[in-house]
$ cat structure31.txt   # compact mmCIF, C-alpha atoms and all ligand atoms
# COMPACT_ATOMS: atom_id res chain seq x y z
CA MET K 1114 50.94 -20.74 26.59
CA ILE K 1115 50.93 -20.80 22.81
CA ALA K 1116 54.47 -19.95 21.81
CA HIS K 1117 55.50 -18.53 18.43
CA GLY K 1118 55.53 -15.03 19.92
CA LEU K 1119 51.77 -15.01 20.21
CA ASN K 1120 51.37 -15.05 23.97
CA ILE K 1121 48.03 -16.81 24.09
CA PRO K 1122 47.06 -18.64 27.30
CA THR K 1123 45.75 -22.18 26.87
CA ILE K 1124 43.32 -24.03 29.14
CA GLU K 1125 46.30 -25.76 30.74
CA ASP K 1126 47.83 -22.46 31.91
CA GLU K 1127 45.23 -21.62 34.52
CA PRO K 1128 42.86 -23.69 36.61
CA ILE K 1129 39.39 -23.55 35.04
CA ILE K 1130 37.29 -25.46 37.56
CA GLY K 1131 33.56 -25.49 38.29
CA LYS K 1132 32.88 -22.67 35.83
CA THR K 1133 30.36 -22.20 33.08
CA VAL K 1134 32.50 -22.36 29.96
CA LEU K 1135 31.45 -21.30 26.47
CA VAL K 1136 33.49 -23.33 23.99
CA ARG K 1137 33.86 -22.38 20.31
CA VAL K 1138 34.29 -25.80 18.74
CA ASP K 1139 34.37 -26.79 15.09
CA PHE K 1140 31.65 -29.38 14.52
CA ASP K 1141 31.47 -28.59 10.80
CA VAL K 1142 31.36 -32.26 9.79
CA SER K 1143 30.67 -33.37 6.21
CA PHE K 1144 27.53 -35.25 5.19
CA LYS K 1145 26.91 -38.10 2.73
CA SER K 1146 23.20 -37.37 2.71
CA LEU K 1147 20.96 -35.29 4.97
CA HIS K 1148 21.19 -37.46 8.08
CA LYS K 1149 24.35 -39.41 7.31
CA ILE K 1150 27.65 -37.96 8.47
CA ALA K 1151 30.45 -38.77 6.01
CA ASP K 1152 33.43 -37.64 8.09
CA ASP K 1153 33.42 -36.54 11.73
CA THR K 1154 37.16 -35.88 12.11
CA ARG K 1155 36.55 -32.30 13.20
CA LEU K 1156 34.14 -33.37 15.94
CA ARG K 1157 36.54 -36.06 17.17
CA GLU K 1158 39.40 -33.58 17.22
CA SER K 1159 37.38 -31.35 19.58
CA LEU K 1160 36.90 -34.10 22.15
CA ALA K 1161 40.22 -33.64 23.95
CA THR K 1162 39.31 -30.11 25.00
CA ILE K 1163 35.70 -31.01 25.84
CA LEU K 1164 36.77 -33.96 28.02
CA TYR K 1165 39.49 -31.92 29.72
CA LEU K 1166 37.00 -29.20 30.69
CA LEU K 1167 34.36 -31.72 31.81
CA LYS K 1168 36.92 -33.53 33.97
CA HIS K 1169 37.44 -30.25 35.82
CA ARG K 1170 33.71 -30.09 36.64
CA ASN K 1171 32.85 -27.26 34.29
CA LYS K 1172 29.44 -26.79 32.73
CA LEU K 1173 29.90 -26.56 28.97
CA ILE K 1174 28.01 -24.56 26.38
CA LEU K 1175 29.26 -25.50 22.92
CA VAL K 1176 29.09 -23.15 19.93
CA SER K 1177 29.71 -24.11 16.30
CA LYS K 1178 28.64 -23.43 12.79
CA LEU K 1179 27.52 -26.18 10.44
CA ASN K 1180 27.94 -25.55 6.72
CA ARG K 1181 26.91 -22.18 5.30
CA PRO K 1182 23.21 -21.51 5.91
CA GLU K 1183 22.05 -17.93 5.28
CA LYS K 1184 19.17 -18.29 7.72
CA ARG K 1185 17.52 -20.75 10.12
CA ASP K 1186 16.99 -24.02 8.28
CA LYS K 1187 16.50 -27.54 9.69
CA ASP K 1188 18.81 -29.12 7.11
CA HIS K 1189 21.70 -27.32 8.80
CA SER K 1190 20.58 -27.90 12.36
CA MET K 1191 22.96 -28.88 15.13
CA HIS K 1192 20.44 -31.62 15.96
CA LEU K 1193 22.13 -33.50 13.07
CA VAL K 1194 25.41 -33.46 15.01
CA ALA K 1195 24.07 -33.85 18.57
CA ALA K 1196 23.50 -37.60 18.20
CA ARG K 1197 27.11 -38.12 17.12
CA LEU K 1198 28.34 -36.06 20.05
CA LYS K 1199 26.23 -38.20 22.39
CA HIS K 1200 27.94 -41.27 20.91
CA TYR K 1201 31.32 -39.92 22.07
CA LEU K 1202 30.03 -38.60 25.43
CA PRO K 1203 27.82 -41.47 26.59
CA LEU K 1204 27.78 -40.31 30.22
CA HIS K 1205 26.46 -36.86 29.39
CA LYS K 1206 23.11 -35.47 28.46
CA ILE K 1207 23.31 -33.37 25.28
CA THR K 1208 20.72 -30.61 24.95
CA VAL K 1209 20.43 -28.48 21.82
CA VAL K 1210 19.42 -24.90 22.62
CA ASP K 1211 17.23 -23.92 19.68
CA ASP K 1212 17.53 -20.16 20.20
CA PHE K 1213 19.73 -18.85 23.00
CA LEU K 1214 18.41 -15.30 22.42
CA ASP K 1215 14.82 -16.34 23.13
CA PRO K 1216 13.94 -15.35 26.74
CA LYS K 1217 11.87 -18.55 27.00
CA GLU K 1218 15.09 -20.59 26.72
CA LYS K 1219 16.64 -18.85 29.71
CA SER K 1220 15.64 -21.61 32.10
CA ILE K 1221 17.71 -24.16 30.14
CA PHE K 1222 20.85 -22.27 31.19
CA GLU K 1223 19.66 -21.73 34.77
CA LYS K 1224 18.82 -25.40 35.22
CA GLN K 1225 21.95 -26.79 33.53
CA GLN K 1226 23.42 -29.71 35.51
CA PRO K 1227 27.16 -30.51 35.52
CA HIS K 1228 26.60 -33.71 33.52
CA GLU K 1229 24.61 -31.82 30.91
CA VAL K 1230 26.31 -30.34 27.83
CA LEU K 1231 24.45 -27.59 26.04
CA LEU K 1232 24.94 -27.21 22.29
CA LEU K 1233 23.77 -23.93 20.81
CA GLU K 1234 21.97 -24.12 17.48
CA ASN K 1235 24.06 -23.39 14.35
CA ILE K 1236 25.66 -20.03 15.05
CA ARG K 1237 25.37 -19.04 11.37
CA PHE K 1238 21.56 -19.00 11.87
CA TYR K 1239 22.24 -15.59 13.45
CA LYS K 1240 23.13 -12.69 11.16
CA GLY K 1241 25.26 -11.15 13.90
CA GLU K 1242 27.81 -13.96 13.63
CA LYS K 1243 29.05 -13.29 10.09
CA GLU K 1244 28.52 -9.54 10.46
CA ASN K 1245 30.64 -9.58 13.61
CA ASP K 1246 27.96 -7.63 15.46
CA GLN K 1247 29.18 -6.46 18.85
CA ASP K 1248 25.80 -6.71 20.61
CA PHE K 1249 25.51 -10.27 19.39
CA ALA K 1250 29.01 -11.06 20.66
CA LYS K 1251 28.15 -9.58 24.07
CA LYS K 1252 25.00 -11.70 24.29
CA LEU K 1253 27.01 -14.82 23.54
CA ALA K 1254 29.60 -13.83 26.13
CA SER K 1255 26.91 -13.20 28.76
CA LEU K 1256 26.10 -16.94 28.83
CA ALA K 1257 29.35 -17.94 30.55
CA ASP K 1258 32.24 -17.11 32.92
CA VAL K 1259 35.04 -18.22 30.61
CA TYR K 1260 35.56 -18.55 26.85
CA VAL K 1261 37.56 -21.31 25.19
CA VAL K 1262 38.34 -21.24 21.47
CA ASP K 1263 39.26 -24.51 19.79
CA ALA K 1264 38.01 -24.01 16.22
CA PHE K 1265 41.34 -23.72 14.39
CA ALA K 1266 39.72 -24.06 10.95
CA MET K 1267 37.72 -20.85 11.61
CA MET K 1268 40.56 -18.66 12.87
CA HIS K 1269 40.96 -16.77 9.59
CA ARG K 1270 37.33 -15.59 9.73
CA LYS K 1271 36.43 -12.26 11.28
CA GLU K 1272 33.17 -13.49 12.79
CA ALA K 1273 31.68 -12.60 16.16
CA SER K 1274 32.41 -15.89 17.92
CA ILE K 1275 36.00 -15.85 16.65
CA VAL K 1276 37.23 -12.27 16.98
CA SER K 1277 34.77 -10.50 19.30
CA VAL K 1278 33.58 -12.76 22.11
CA PRO K 1279 37.18 -12.88 23.47
CA LYS K 1280 36.92 -9.13 24.18
CA TYR K 1281 34.18 -9.73 26.71
CA LEU K 1282 35.34 -12.81 28.65
CA PRO K 1283 38.59 -14.26 30.01
CA SER K 1284 39.59 -16.35 27.00
CA PHE K 1285 41.84 -19.33 26.39
CA ALA K 1286 42.97 -21.52 23.52
CA GLY K 1287 41.77 -25.13 23.60
CA LEU K 1288 44.07 -28.11 23.15
CA LEU K 1289 43.42 -28.58 19.43
CA LEU K 1290 44.05 -24.94 18.67
CA ALA K 1291 47.28 -25.02 20.66
CA LYS K 1292 48.41 -28.19 18.85
CA GLU K 1293 47.59 -26.78 15.40
CA VAL K 1294 49.45 -23.54 16.02
CA ALA K 1295 52.51 -25.27 17.48
CA SER K 1296 52.63 -27.81 14.62
CA ILE K 1297 52.31 -25.25 11.83
CA ALA K 1298 54.61 -22.71 13.47
CA LYS K 1299 57.31 -25.39 13.46
CA VAL K 1300 57.66 -25.22 9.68
CA LEU K 1301 57.90 -21.43 9.80
CA LYS K 1302 60.63 -21.25 12.43
CA HIS K 1303 63.93 -23.00 11.73
CA PRO K 1304 62.59 -25.84 9.55
CA GLU K 1305 65.10 -28.59 8.84
CA LYS K 1306 66.37 -28.65 5.28
CA PRO K 1307 65.74 -29.77 2.59
CA PHE K 1308 62.29 -28.22 2.86
CA ILE K 1309 59.91 -29.51 0.18
CA ALA K 1310 56.58 -27.82 -0.49
CA ILE K 1311 53.95 -29.54 -2.62
CA VAL K 1312 50.96 -27.60 -3.92
CA GLY K 1313 48.09 -28.74 -6.13
CA GLY K 1314 44.42 -27.97 -6.52
CA ALA K 1315 42.63 -25.82 -9.00
CA LYS K 1316 42.43 -22.16 -8.05
CA ILE K 1317 45.57 -20.02 -8.37
CA PRO K 1318 44.08 -16.86 -6.78
CA ASP K 1319 43.37 -18.74 -3.52
CA LYS K 1320 46.98 -19.88 -3.35
CA LEU K 1321 49.08 -16.97 -4.64
CA ALA K 1322 50.13 -15.61 -1.25
CA PHE K 1323 50.69 -19.15 0.04
CA LEU K 1324 52.89 -20.03 -2.95
CA SER K 1325 54.83 -16.83 -2.57
CA LYS K 1326 55.55 -17.54 1.10
CA LEU K 1327 56.56 -21.14 0.34
CA ILE K 1328 59.00 -19.94 -2.31
CA GLN K 1329 60.63 -17.84 0.41
CA ILE K 1330 60.99 -20.67 2.93
CA ALA K 1331 61.27 -23.90 0.92
CA ASP K 1332 64.09 -25.38 -1.16
CA TYR K 1333 61.82 -27.11 -3.68
CA LEU K 1334 58.25 -26.30 -4.70
CA LEU K 1335 56.55 -29.21 -6.46
CA ILE K 1336 53.47 -28.13 -8.37
CA GLY K 1337 50.70 -30.44 -9.54
CA GLY K 1338 46.95 -30.28 -10.08
CA GLY K 1339 45.20 -27.74 -12.25
CA ILE K 1340 47.48 -24.92 -11.08
CA ALA K 1341 50.47 -26.60 -12.75
CA ASN K 1342 48.75 -26.00 -16.09
CA THR K 1343 48.86 -22.23 -15.63
CA PHE K 1344 52.57 -22.45 -14.76
CA LEU K 1345 53.19 -24.44 -17.96
CA PHE K 1346 51.06 -22.00 -19.95
CA ALA K 1347 53.10 -19.10 -18.54
CA LYS K 1348 56.22 -20.88 -19.82
CA GLU K 1349 54.56 -21.25 -23.22
CA VAL K 1350 54.21 -25.03 -22.98
CA GLU K 1351 51.30 -26.45 -25.01
CA ILE K 1352 48.61 -27.72 -22.59
CA GLY K 1353 45.83 -28.52 -25.08
CA GLU K 1354 42.33 -28.11 -23.71
CA SER K 1355 43.34 -28.37 -20.01
CA LEU K 1356 42.03 -26.14 -17.24
CA VAL K 1357 44.02 -22.90 -17.20
CA ASP K 1358 43.55 -19.49 -15.59
CA LYS K 1359 44.83 -17.00 -18.15
CA THR K 1360 44.08 -14.06 -15.83
CA GLN K 1361 46.84 -15.32 -13.51
CA VAL K 1362 49.69 -15.60 -16.00
CA GLU K 1363 51.38 -12.36 -14.89
CA GLN K 1364 51.15 -13.39 -11.23
CA VAL K 1365 52.61 -16.79 -12.03
CA LYS K 1366 55.50 -15.17 -13.92
CA LYS K 1367 56.20 -13.10 -10.80
CA LEU K 1368 56.30 -16.30 -8.73
CA ILE K 1369 58.74 -17.85 -11.18
CA ALA K 1370 60.96 -14.75 -10.94
CA LEU K 1371 60.74 -14.78 -7.13
CA ALA K 1372 61.81 -18.43 -7.09
CA LYS K 1373 64.85 -17.57 -9.18
CA LYS K 1374 65.80 -14.81 -6.75
CA GLU K 1375 65.24 -17.01 -3.70
CA LYS K 1376 67.04 -19.97 -5.33
CA THR K 1377 63.99 -22.16 -4.80
CA GLU K 1378 63.49 -24.79 -7.46
CA ILE K 1379 59.98 -24.93 -8.89
CA VAL K 1380 59.43 -28.47 -10.15
CA LEU K 1381 56.64 -28.90 -12.70
CA PRO K 1382 55.18 -32.19 -13.94
CA THR K 1383 56.87 -33.76 -16.95
CA ASP K 1384 53.96 -36.01 -17.92
CA PHE K 1385 50.24 -36.28 -17.37
CA ILE K 1386 47.22 -38.52 -17.37
CA GLY K 1387 44.12 -37.16 -19.05
CA VAL K 1388 41.74 -37.67 -21.92
CA LYS K 1389 41.42 -36.41 -25.45
CA LYS K 1390 38.48 -34.05 -25.67
CA GLY K 1391 35.24 -35.97 -26.18
CA LYS K 1392 36.96 -39.37 -25.68
CA LYS K 1393 36.33 -41.69 -22.74
CA ASP K 1394 39.60 -43.53 -22.17
CA GLU K 1395 42.43 -41.99 -20.25
CA ARG K 1396 45.94 -41.82 -21.70
CA ALA K 1397 49.35 -40.52 -20.69
CA GLU K 1398 51.13 -37.71 -22.53
CA LYS K 1399 54.55 -36.11 -22.03
CA ALA K 1400 54.77 -32.42 -21.19
CA ASP K 1401 56.88 -31.65 -24.26
CA ASP K 1402 54.42 -33.29 -26.62
CA ILE K 1403 50.85 -32.58 -25.53
CA SER K 1404 48.11 -32.95 -28.16
CA LYS K 1405 46.00 -29.92 -28.98
CA ASP K 1406 42.85 -31.72 -27.81
CA PHE K 1407 44.30 -33.19 -24.57
CA GLU K 1408 42.76 -32.45 -21.16
CA ILE K 1409 45.13 -32.89 -18.20
CA TYR K 1410 43.51 -34.51 -15.13
CA ASP K 1411 46.45 -35.93 -13.18
CA ILE K 1412 50.23 -36.03 -13.04
CA GLY K 1413 51.75 -39.00 -14.89
CA PRO K 1414 54.02 -41.91 -13.80
CA GLU K 1415 57.28 -40.17 -14.75
CA THR K 1416 56.25 -37.25 -12.50
CA TRP K 1417 55.28 -39.63 -9.66
CA ALA K 1418 58.86 -40.90 -9.71
CA LEU K 1419 60.32 -37.38 -10.02
CA PHE K 1420 58.25 -36.01 -7.11
CA GLY K 1421 58.66 -39.19 -5.05
CA ASN K 1422 62.44 -38.99 -5.34
CA ILE K 1423 62.56 -35.38 -4.13
CA ILE K 1424 60.09 -36.09 -1.31
CA SER K 1425 62.19 -39.03 -0.11
CA LYS K 1426 65.10 -36.66 0.63
CA ALA K 1427 63.06 -34.06 2.54
CA LYS K 1428 63.46 -33.19 6.20
CA THR K 1429 60.46 -30.85 6.18
CA ILE K 1430 57.36 -31.29 3.98
CA VAL K 1431 54.30 -29.07 3.54
CA TRP K 1432 51.52 -30.34 1.27
CA ASN K 1433 48.27 -28.70 0.21
CA GLY K 1434 46.06 -29.51 -2.78
CA PRO K 1435 45.43 -32.69 -4.78
CA MET K 1436 47.63 -33.51 -7.79
CA GLY K 1437 44.62 -34.24 -10.00
CA LYS K 1438 40.87 -34.44 -10.36
CA ILE K 1439 40.52 -36.75 -7.36
CA GLU K 1440 36.73 -36.94 -7.64
CA GLU K 1441 37.43 -39.61 -10.30
CA GLU K 1442 39.38 -42.57 -8.99
CA ARG K 1443 41.34 -42.97 -12.21
CA PHE K 1444 42.74 -39.46 -11.73
CA ALA K 1445 43.56 -39.90 -8.03
CA ARG K 1446 46.71 -41.97 -8.53
CA GLY K 1447 49.14 -39.04 -8.58
CA THR K 1448 47.68 -37.77 -5.31
CA ASP K 1449 47.92 -41.26 -3.80
CA PHE K 1450 51.53 -41.56 -4.92
CA VAL K 1451 52.47 -38.23 -3.34
CA TYR K 1452 50.65 -39.23 -0.15
CA TYR K 1453 52.49 -42.55 0.13
CA SER K 1454 55.82 -40.88 -0.65
CA ILE K 1455 55.27 -38.49 2.27
CA ALA K 1456 54.12 -41.29 4.60
CA ASP K 1457 57.19 -43.33 3.59
CA ASN K 1458 59.64 -40.62 4.57
CA ASP K 1459 60.03 -41.24 8.28
CA GLN K 1460 62.82 -38.73 8.80
CA ALA K 1461 60.75 -35.72 7.70
CA TYR K 1462 58.50 -33.40 9.64
CA SER K 1463 55.35 -33.46 7.49
CA LEU K 1464 52.41 -31.09 7.53
CA VAL K 1465 49.33 -31.74 5.38
CA GLY K 1466 46.15 -29.68 5.09
CA GLY K 1467 43.25 -28.66 2.84
CA GLY K 1468 39.63 -29.74 2.61
CA ASP K 1469 39.96 -31.68 -0.64
CA THR K 1470 43.43 -32.95 0.24
CA LEU K 1471 42.11 -34.51 3.44
CA ALA K 1472 39.08 -35.93 1.64
CA ALA K 1473 41.51 -37.61 -0.77
CA ILE K 1474 43.61 -39.24 1.95
CA SER K 1475 41.25 -39.71 4.90
CA LYS K 1476 40.54 -43.36 4.03
CA GLU K 1477 44.18 -44.27 3.43
CA GLU K 1478 46.45 -46.34 5.64
CA TYR K 1479 49.42 -44.88 7.51
CA LEU K 1480 47.80 -41.54 8.41
CA ASP K 1481 49.79 -41.73 11.64
CA LYS K 1482 52.98 -41.45 9.57
CA ILE K 1483 52.12 -37.82 8.79
CA THR K 1484 53.48 -35.59 11.56
CA HIS K 1485 50.53 -33.21 11.54
CA ILE K 1486 47.29 -33.28 9.57
CA SER K 1487 45.68 -29.88 9.97
CA THR K 1488 41.92 -29.52 10.43
CA GLY K 1489 42.18 -26.12 8.76
CA GLY K 1490 42.26 -25.55 5.01
CA GLY K 1491 42.11 -21.80 4.50
CA ALA K 1492 43.25 -21.21 8.09
CA MET K 1493 46.40 -23.28 7.59
CA LEU K 1494 47.27 -21.48 4.36
CA GLU K 1495 46.72 -18.06 5.92
CA PHE K 1496 48.69 -18.93 9.03
CA ILE K 1497 51.64 -19.98 6.88
CA GLU K 1498 51.30 -16.79 4.80
CA ASN K 1499 51.12 -14.35 7.70
CA GLY K 1500 52.42 -16.15 10.79
CA THR K 1501 49.21 -15.24 12.62
CA LEU K 1502 45.42 -15.21 12.16
CA PRO K 1503 42.63 -12.80 13.18
CA GLY K 1504 41.26 -15.31 15.70
CA LEU K 1505 44.70 -15.71 17.30
CA GLN K 1506 45.18 -11.95 17.52
CA ALA K 1507 41.87 -11.78 19.38
CA LEU K 1508 43.13 -14.22 22.02
CA LYS K 1509 46.45 -12.47 22.63
CA LYS K 1510 47.08 -11.21 26.13
P1 LIG I 1601 42.20 -28.20 -0.95
O1 LIG I 1601 40.71 -28.14 -0.62
O2 LIG I 1601 42.85 -29.44 -0.42
O3 LIG I 1601 42.93 -26.93 -0.60
P2 LIG I 1601 41.76 -27.34 -3.66
O4 LIG I 1601 40.38 -26.91 -3.30
O5 LIG I 1601 42.77 -26.31 -3.92
O6 LIG I 1601 42.32 -28.35 -2.55
O7 LIG I 1601 41.73 -28.24 -4.97
C1 LIG I 1601 40.90 -29.35 -5.14
C2 LIG I 1601 40.26 -29.39 -6.49
O8 LIG I 1601 41.21 -29.27 -7.53
C3 LIG I 1601 39.53 -30.69 -6.71
O9 LIG I 1601 38.16 -30.42 -6.88
C4 LIG I 1601 40.16 -31.26 -7.97
O10 LIG I 1601 39.22 -31.87 -8.84
C5 LIG I 1601 40.73 -30.03 -8.64
N1 LIG I 1601 41.80 -30.38 -9.59
C6 LIG I 1601 43.04 -30.82 -9.31
N2 LIG I 1601 43.73 -31.03 -10.43
C7 LIG I 1601 42.92 -30.74 -11.48
C8 LIG I 1601 43.06 -30.76 -12.90
N3 LIG I 1601 44.19 -31.15 -13.51
N4 LIG I 1601 42.01 -30.36 -13.65
C9 LIG I 1601 40.87 -29.98 -13.06
N5 LIG I 1601 40.66 -29.93 -11.73
C10 LIG I 1601 41.67 -30.32 -10.93
MG MG I 1602 39.10 -27.15 -1.63
$ encode --input "structure31.txt" --output "structure tokens" --more "lines below"
Ligand code: ADP
Ligand code: MG
Amino acid sequence: MIAHGLNIPTIEDEPIIGKTVLVRVDFDVSFKSLHKIADDTRLRESLATILYLLKHRNKLILVSKLNRPEKRDKDHSMHLVAARLKHYLPLHKITVVDDFLDPKEKSIFEKQQPHEVLLLENIRFYKGEKENDQDFAKKLASLADVYVVDAFAMMHRKEASIVSVPKYLPSFAGLLLAKEVASIAKVLKHPEKPFIAIVGGAKIPDKLAFLSKLIQIADYLLIGGGIANTFLFAKEVEIGESLVDKTQVEQVKKLIALAKKEKTEIVLPTDFIGVKKGKKDERAEKADDISKDFEIYDIGPETWALFGNIISKAKTIVWNGPMGKIEEERFARGTDFVYYSIADNDQAYSLVGGGDTLAAISKEEYLDKITHISTGGGAMLEFIENGTLPGLQALKK
């Protein structure tokens, strides 16, 4: 049972044996080029649930989206993922069902053998998925006896396979979903103190509610990345030509006031690495003396030490969002430093998530030193904000 007051049964709570099981997985892997997968973490993270269900002699029908196609399109086909799945399930036959709504495909389901895993074509090829169409959800549900949801990264989306199919079948959380919820809920309920939150990235509006929640539960909030610029701007610090979101200044002032009330210390960078507009070479500048033509692209060495020192004392750490423009290696050093500071703190419970954050650290050493790396970006943020998610509500008994 998933705890945290949610009352959601998991696949370990009831025997699911010899059934046809529809499984909502998250195979939304990233690609280097059309046929080259860059990172298959999400697929690998689904394997525990898939193997568990196969071991109990169930016939599996897997459902996932891949990227964001608006319509049927071979560049977003599940055929691109099927070969990788076969690699991890060498004893099974993997069959992609091109259109499960087509009556001609019906025999594929009727003839399915226990060693055969069916993979439905990209579920976003169907309009009914995003529109949360109830007829579409019923048709999906009609394929199986049992529904298992394991796609944590999708749980904040109100799509048919997430929020509606569970209405029409006995439904359970998979092992990844259960692990994600338990790991994230741990920082919400009785976290050990000091609790250090670290937030970076570029877009304030995406993170306002998240920041506001963190201010309520953390002791320190370290801010880096582009969003730090708007905080500095709100405090009337000169930031030159750096990225800033002037529409968010009032919201940021409210966060600063909330932090004062909650006695949470917001720690802003004291120096930066960037370039002078139009110049090539990077340089460091101090926060109290930024040139009018300076563009901030990373936190500077003094800030690495400042953040590193606070992180080293933490008992609970939550991190989302890179400290700089990580797409350029020369501006990825602040993010690396924060990552290694977290990995170095072996007394803290650490939770890390976010698409770009994971991309920045996925090739690093010591990933096993992080207590939990979430597969969900938006889903992790929303779960921390609200303590639940639409997809979890749908699974509640
Ligand atoms: P995540 O996907 O981990 O939640 P975000 O999407 O919030 O992270 O932020 C990642 C983006 O923020 C990256 O594209 C990075 O280039 C950008 N970014 C971070 N710091 C800066 C900066 N100082 N100036 C411009 N862009 C930045
Ligand atoms: Mg992102």
$ residues_around --input "structure31.txt" --residues "stretch 1285-1296 of chain K" --least-positions-apart "5" --cutoff "6 Å" --atoms "only C-alpha atoms" --output "ChimeraX atom specification"
/K:1115,1122-1124,1162,1261-1263,1265
$ residues_near_ligand --input "structure31.txt" --ligand "ligand MG 1602 (chain I)" --cutoff "8 Å" --atoms "all atoms listed in the file" --output "list in words"
Gly1314, Gly1434, Gly1467, Gly1468, Asp1469, Thr1470 and Gly1490 of chain K
$ atom_distance --input "structure31.txt" --atom1 "atom CA of K:His1189" --atom2 "atom CA of K:Arg1270"
19.6 Å
$ closest_atom_pairs --input "structure31.txt" --of "chain K" --to "ligand LIG 1601 (chain I)" --cutoff "7 Å" --atoms "only C-alpha atoms and all ligand atoms" --output "CSV"
residue,atom,partner,partner_atom,distance
K:Gly1313,CA,I:LIG1601,O5,6.3
K:Gly1314,CA,I:LIG1601,O7,3.1
K:Ala1315,CA,I:LIG1601,O8,4.0
K:Lys1316,CA,I:LIG1601,O5,5.9
K:Gly1338,CA,I:LIG1601,N2,3.3
K:Gly1339,CA,I:LIG1601,C8,3.8
K:Ser1355,CA,I:LIG1601,N4,6.8
K:Leu1356,CA,I:LIG1601,N4,5.5
K:Ile1409,CA,I:LIG1601,N3,5.1
K:Tyr1410,CA,I:LIG1601,N3,3.8
K:Asp1411,CA,I:LIG1601,N3,5.3
K:Asn1433,CA,I:LIG1601,O2,5.5
K:Gly1434,CA,I:LIG1601,O6,3.9
K:Pro1435,CA,I:LIG1601,C6,5.5
K:Met1436,CA,I:LIG1601,N2,5.3
K:Gly1437,CA,I:LIG1601,N2,3.4
K:Lys1438,CA,I:LIG1601,O10,3.4
K:Ile1439,CA,I:LIG1601,O10,5.3
K:Glu1440,CA,I:LIG1601,O10,5.8
K:Gly1466,CA,I:LIG1601,O2,6.4
K:Gly1467,CA,I:LIG1601,O2,3.4
K:Gly1468,CA,I:LIG1601,O1,3.8
K:Asp1469,CA,I:LIG1601,O1,3.6
K:Thr1470,CA,I:LIG1601,O2,3.6
K:Leu1471,CA,I:LIG1601,O2,6.4
K:Gly1490,CA,I:LIG1601,O3,5.8
$ write_last_selection --input "structure31.txt" --atoms "C-alpha atoms" --output "short mmCIF file (atom, residue, chain, number, x, y, z; two decimals), in the frame of the given file"
data_model
loop_
_atom_site.label_atom_id
_atom_site.label_comp_id
_atom_site.auth_asym_id
_atom_site.auth_seq_id
_atom_site.Cartn_x
_atom_site.Cartn_y
_atom_site.Cartn_z
CA GLY K 1313 48.09 -28.74 -6.13
CA GLY K 1314 44.42 -27.97 -6.52
CA ALA K 1315 42.63 -25.82 -9.00
CA LYS K 1316 42.43 -22.16 -8.05
CA GLY K 1338 46.95 -30.28 -10.08
CA GLY K 1339 45.20 -27.74 -12.25
CA SER K 1355 43.34 -28.37 -20.01
CA LEU K 1356 42.03 -26.14 -17.24
CA ILE K 1409 45.13 -32.89 -18.20
CA TYR K 1410 43.51 -34.51 -15.13
CA ASP K 1411 46.45 -35.93 -13.18
CA ASN K 1433 48.27 -28.70 0.21
CA GLY K 1434 46.06 -29.51 -2.78
CA PRO K 1435 45.43 -32.69 -4.78
CA MET K 1436 47.63 -33.51 -7.79
CA GLY K 1437 44.62 -34.24 -10.00
CA LYS K 1438 40.87 -34.44 -10.36
CA ILE K 1439 40.52 -36.75 -7.36
CA GLU K 1440 36.73 -36.94 -7.64
CA GLY K 1466 46.15 -29.68 5.09
CA GLY K 1467 43.25 -28.66 2.84
CA GLY K 1468 39.63 -29.74 2.61
CA ASP K 1469 39.96 -31.68 -0.64
CA THR K 1470 43.43 -32.95 0.24
CA LEU K 1471 42.11 -34.51 3.44
CA GLY K 1490 42.26 -25.55 5.01
#
$ residues_around --input "structure31.txt" --residues "K:Arg1446" --least-positions-apart "3" --cutoff "10 Å" --atoms "all atoms listed in the file" --output "MDAnalysis selection string"
chainID K and resid 1386 1411:1414 1417 1436:1439 1441:1443 1449:1452
$ build_atoms --input "structure31.txt" --residues "stretch 1282-1287 of chain K" --atoms "N, CA, C and O atoms" --output "compact mmCIF listing (two decimals), in the frame of the given file"
# COMPACT_ATOMS: atom_id res chain seq x y z
N LEU K 1282 35.19 -11.75 27.64
CA LEU K 1282 35.34 -12.81 28.65
C LEU K 1282 36.82 -13.18 28.77
O LEU K 1282 37.57 -13.05 27.80
N PRO K 1283 37.24 -13.68 29.94
CA PRO K 1283 38.59 -14.26 30.01
C PRO K 1283 38.63 -15.41 29.01
O PRO K 1283 37.76 -16.29 29.04
N SER K 1284 39.62 -15.40 28.11
CA SER K 1284 39.59 -16.35 27.00
C SER K 1284 40.87 -17.16 26.90
O SER K 1284 41.96 -16.64 27.17
N PHE K 1285 40.72 -18.39 26.46
CA PHE K 1285 41.84 -19.33 26.39
C PHE K 1285 41.77 -20.14 25.11
O PHE K 1285 40.69 -20.39 24.59
N ALA K 1286 42.92 -20.59 24.65
CA ALA K 1286 42.97 -21.52 23.52
C ALA K 1286 42.73 -22.93 24.03
O ALA K 1286 43.23 -23.31 25.08
N GLY K 1287 41.96 -23.71 23.28
CA GLY K 1287 41.77 -25.13 23.60
C GLY K 1287 42.98 -25.94 23.14
O GLY K 1287 43.91 -25.42 22.53
